[in-house]
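Read the structure below first, then the notes.
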Amino acid sequence: MGGNPWYADEEWSFVVRPDGSGLFSVPHPTRAGLAIDPNRTLELRSAALGYAVFAYADEKHAKFGLGEYQIPVRLFVLWRLQLVPVPLALELVLEDGEWVCQQLVVVRPPKHPPITQTLLRKIVFKDLIFVIAPRAADRLQQKQGGGLTRKIAVLTQDGSAGFRSAAGVAAAPGRRGKRLEGAFLEQVASVYREAIALGRRDPTIAVSEGFQVARSTAGRWIVECRKRELLGLASVGRGGERRAP
């Protein structure tokens, strides 16, 4: 691990195994300053190159969405996506059906502006929970030969479409004829970049799956992201972002 801070690129990696599956390597929440009970086992629920969600293995569960899905009532999150302007770590607890923040650690990376009240107002917990909650949910699944096993609903961006469809989670409200909000488009841009980092050939499909919308709708959102300079321009005939020489 060396002397890298927890949010450094070197601390996050995705490796493709010979069988085609992927393996994430992410920092432990204690690296970010979160207080974790040393007497309880912490497990990784979901991860991408921009976030990681953890829960205690013996944590209680509550119903989530529709159907058989459930979610741990306590989550630990490491976050470094553009939806929030600075890296942060937090503990979320479900109380009376509402997520509340139990711990929050905000980081000022080197050469970044100071953390001010104005910057802190840009941390919108409902937007974070919108992304995190589906990826921490799970369901009980029948094992061959009898018995039940708990299967995490979403491990990566690739699995989100199936979960959202089954759980009935509204990914994005109807926006026809309305100006798209900046915070929402930042989330779109983050999902798009995640897909590129994961090596997906068509990141627009990843946005389509992640928000449960048609590919054409996802494409319009991505065009709007480029107009507002949330994403760089694409190379001719290719997706992604064209880097300056």
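Residue numbering restarts at 1 in every chain; chains get A, B, ... in the order shown in the structure tokens, and ligands count up from 1 in that same order.
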
Which polymer residues have any atom within 7 Å of an atom of A:Phe54, counting only C-alpha atoms, with same-chain residues fewer than 6 positions away left out, as a JSON list (two decimals) with N, CA and C atoms, in the first residue's frame?
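This is the output file out_20.json:
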[["chain", "number", "residue", "atom", "x", "y", "z"],
["A", 42, "LEU", "N", -16.16, -7.63, 8.45],
["A", 42, "LEU", "CA", -16.63, -6.69, 7.45],
["A", 42, "LEU", "C", -16.46, -7.33, 6.07],
["A", 43, "GLU", "N", -17.51, -7.26, 5.24],
["A", 43, "GLU", "CA", -17.43, -7.84, 3.90],
["A", 43, "GLU", "C", -17.71, -6.79, 2.84],
["A", 44, "LEU", "N", -17.08, -6.96, 1.70],
["A", 44, "LEU", "CA", -17.29, -6.07, 0.56],
["A", 44, "LEU", "C", -18.58, -6.47, -0.13],
["A", 45, "ARG", "N", -19.52, -5.54, -0.23],
["A", 45, "ARG", "CA", -20.80, -5.83, -0.86],
["A", 45, "ARG", "C", -20.78, -5.54, -2.35],
["A", 75, "LEU", "N", -24.23, 0.50, 6.43],
["A", 75, "LEU", "CA", -23.29, 0.40, 5.32],
["A", 75, "LEU", "C", -22.10, 1.32, 5.56],
["A", 76, "PHE", "N", -20.94, 0.89, 5.09],
["A", 76, "PHE", "CA", -19.75, 1.72, 5.11],
["A", 76, "PHE", "C", -19.33, 1.95, 3.66],
["A", 77, "VAL", "N", -19.09, 3.19, 3.30],
["A", 77, "VAL", "CA", -18.89, 3.56, 1.90],
["A", 77, "VAL", "C", -17.61, 4.36, 1.71]]

Residues of stretch 13-55 of chain A that have any atom at most 12 Å from an atom of stretch 107-113 of chain A: could you tabulate them with the shortest-distance atom pair and the distance in Å to one decimal, using only C-alpha atoms, ordered by chain and increasing number, as a Markdown table?
| residue | atom | partner | partner_atom | distance |
| --- | --- | --- | --- | --- |
| A:Arg31 | CA | A:Val107 | CA | 12.0 |
| A:Ala32 | CA | A:Val107 | CA | 8.7 |
| A:Gly33 | CA | A:Val107 | CA | 10.1 |

Residues just named, written with N, CA and C atoms as a PDB file, in the first residue's frame:
ATOM      1  N   ARG A  31      -8.810   2.664   6.470  1.00  0.00           N
ATOM      2  CA  ARG A  31      -7.796   3.505   5.833  1.00  0.00           C
ATOM      3  C   ARG A  31      -8.291   4.937   5.667  1.00  0.00           C
ATOM      4  N   ALA A  32      -9.607   5.077   5.535  1.00  0.00           N
ATOM      5  CA  ALA A  32     -10.203   6.400   5.329  1.00  0.00           C
ATOM      6  C   ALA A  32     -10.582   7.067   6.642  1.00  0.00           C
ATOM      7  N   GLY A  33     -10.366   6.387   7.755  1.00  0.00           N
ATOM      8  CA  GLY A  33     -10.657   6.990   9.051  1.00  0.00           C
ATOM      9  C   GLY A  33     -11.983   6.595   9.663  1.00  0.00           C
TER      10      GLY A  33
END

#### Entry: Nearest candidate to A:Glu10 (options A:Val223, A:Ala195, A:Leu81, A:Val26; using only C-alpha atoms)
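That would be A:Val26, the residue with the smallest distance to A:Glu10.
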
As a compact mmCIF listing (two decimals) with N, CA and C atoms, in the first residue's frame, please: the residues near stretch 182-193 of chain A (cut-off 7 Å, only C-alpha atoms, same-chain neighbours under 6 positions excluded).
# COMPACT_ATOMS: atom_id res chain seq x y z
N LEU A 81 -16.21 9.34 -6.75
CA LEU A 81 -16.82 9.67 -8.04
C LEU A 81 -17.12 11.16 -8.12
N GLN A 82 -17.30 11.66 -9.34
CA GLN A 82 -17.49 13.11 -9.54
C GLN A 82 -18.81 13.64 -9.00
N LEU A 83 -19.73 12.76 -8.68
CA LEU A 83 -20.99 13.22 -8.11
C LEU A 83 -20.77 14.06 -6.87
N PRO A 203 -19.83 2.21 -23.61
CA PRO A 203 -20.20 2.80 -22.32
C PRO A 203 -21.60 3.40 -22.31
N THR A 204 -22.12 3.73 -23.49
CA THR A 204 -23.50 4.26 -23.54
C THR A 204 -24.48 3.20 -23.07
N ALA A 206 -23.85 0.99 -20.85
CA ALA A 206 -23.72 0.95 -19.40
C ALA A 206 -24.61 2.01 -18.75
N VAL A 207 -24.67 3.20 -19.35
CA VAL A 207 -25.56 4.24 -18.84
C VAL A 207 -27.01 3.82 -19.01
N CYS A 225 -23.88 15.92 -21.45
CA CYS A 225 -22.69 15.95 -20.58
C CYS A 225 -21.51 16.58 -21.30
N LEU A 230 -18.86 18.13 -18.82
CA LEU A 230 -18.74 17.12 -17.78
C LEU A 230 -18.02 15.89 -18.33
N LEU A 231 -18.05 15.73 -19.65
CA LEU A 231 -17.29 14.71 -20.36
C LEU A 231 -16.53 15.40 -21.49

Closest of A:Tyr56, A:Trp12, A:Trp221, A:Phe125 to A:Leu88, counting only C-alpha atoms, is A:Phe125

Please give the complete set of residues from stretch 12-121 of chain A that DSSP, run on the backbone, assigns to alpha helix (DSSP H), formatted as a VMD selection string. chain A and resid 117 to 121

Write the residues you've just listed into a file as a compact mmCIF listing (two decimals), in the first residue's frame, and include C-alpha atoms for each of them.
# COMPACT_ATOMS: atom_id res chain seq x y z
CA GLN A 117 -19.38 25.34 3.72
CA THR A 118 -20.24 25.90 0.06
CA LEU A 119 -18.42 22.73 -0.96
CA LEU A 120 -20.06 20.68 1.81
CA ARG A 121 -23.49 21.74 0.54

Practice problem: Write out as a ChimeraX atom specification each polymer residue whose atoms come within 9 Å of stretch 94-99 of chain A, counting only C-alpha atoms; drop sequence neighbours fewer than 6 positions from it. | Solution: /A:62,72-75,125-126,129

Using N, CA and C atoms, can you write the selected residues to a file as an mmCIF file, in the first residue's frame?
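The resulting part.cif:
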data_model
loop_
_atom_site.group_PDB
_atom_site.id
_atom_site.type_symbol
_atom_site.label_atom_id
_atom_site.label_comp_id
_atom_site.auth_asym_id
_atom_site.auth_seq_id
_atom_site.Cartn_x
_atom_site.Cartn_y
_atom_site.Cartn_z
ATOM 1 N N ALA A 62 -33.102 -5.219 6.079
ATOM 2 C CA ALA A 62 -34.443 -4.663 5.932
ATOM 3 C C ALA A 62 -34.871 -4.842 4.482
ATOM 4 N N PRO A 72 -28.611 -4.527 4.071
ATOM 5 C CA PRO A 72 -28.135 -4.351 5.448
ATOM 6 C C PRO A 72 -28.525 -2.970 5.967
ATOM 7 N N VAL A 73 -28.823 -2.884 7.236
ATOM 8 C CA VAL A 73 -29.275 -1.617 7.807
ATOM 9 C C VAL A 73 -28.106 -0.687 8.154
ATOM 10 N N ARG A 74 -26.865 -1.166 7.953
ATOM 11 C CA ARG A 74 -25.684 -0.339 8.196
ATOM 12 C C ARG A 74 -24.689 -0.580 7.057
ATOM 13 N N LEU A 75 -24.229 0.500 6.435
ATOM 14 C CA LEU A 75 -23.295 0.402 5.321
ATOM 15 C C LEU A 75 -22.104 1.318 5.563
ATOM 16 N N PHE A 125 -26.741 13.617 0.101
ATOM 17 C CA PHE A 125 -26.798 12.225 0.519
ATOM 18 C C PHE A 125 -27.812 11.419 -0.280
ATOM 19 N N LYS A 126 -28.904 12.029 -0.674
ATOM 20 C CA LYS A 126 -29.910 11.267 -1.431
ATOM 21 C C LYS A 126 -29.351 10.810 -2.777
ATOM 22 N N ILE A 129 -27.055 7.796 -1.945
ATOM 23 C CA ILE A 129 -27.846 6.619 -1.604
ATOM 24 C C ILE A 129 -28.498 6.034 -2.846
#

Handout entry: DSSP-assigned strand (DSSP E or B) among stretch 13-152 of chain A, expressed as an NGL selection string
Key = :A and (13-16 or 22-25 or 42-47 or 51-56 or 61-63 or 70-72 or 74-79 or 88-95 or 98-106 or 138-142 or 148-152)

Point to revise | Between atom CA of A:Ser208 and atom CA of A:Pro27, distance in Å (one decimal) | key: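 Those two atoms sit 28.8 Å apart.
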
Go through A:Leu90, A:His61, A:Trp79, A:Thr149 and flag the residue nearest A:Ala136, using only C-alpha atoms for the distances.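 Closest to A:Ala136 of all the choices is A:His61.
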
Closest of A:Gln70, A:Gln103, A:Thr116, A:Gln142 to A:Pro85, counting only C-alpha atoms, is A:Thr116

re atom CA of A:Phe64 and atom CA of A:Leu92: distance 14.9 Å

Counting only C-alpha atoms, figure out which residue out of A:Ile196, A:Asp19, A:Ala52, A:Ala35 gets nearest to A:Glu91.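 Checking each candidate against A:Glu91, we get A:Ala35 as the closest.
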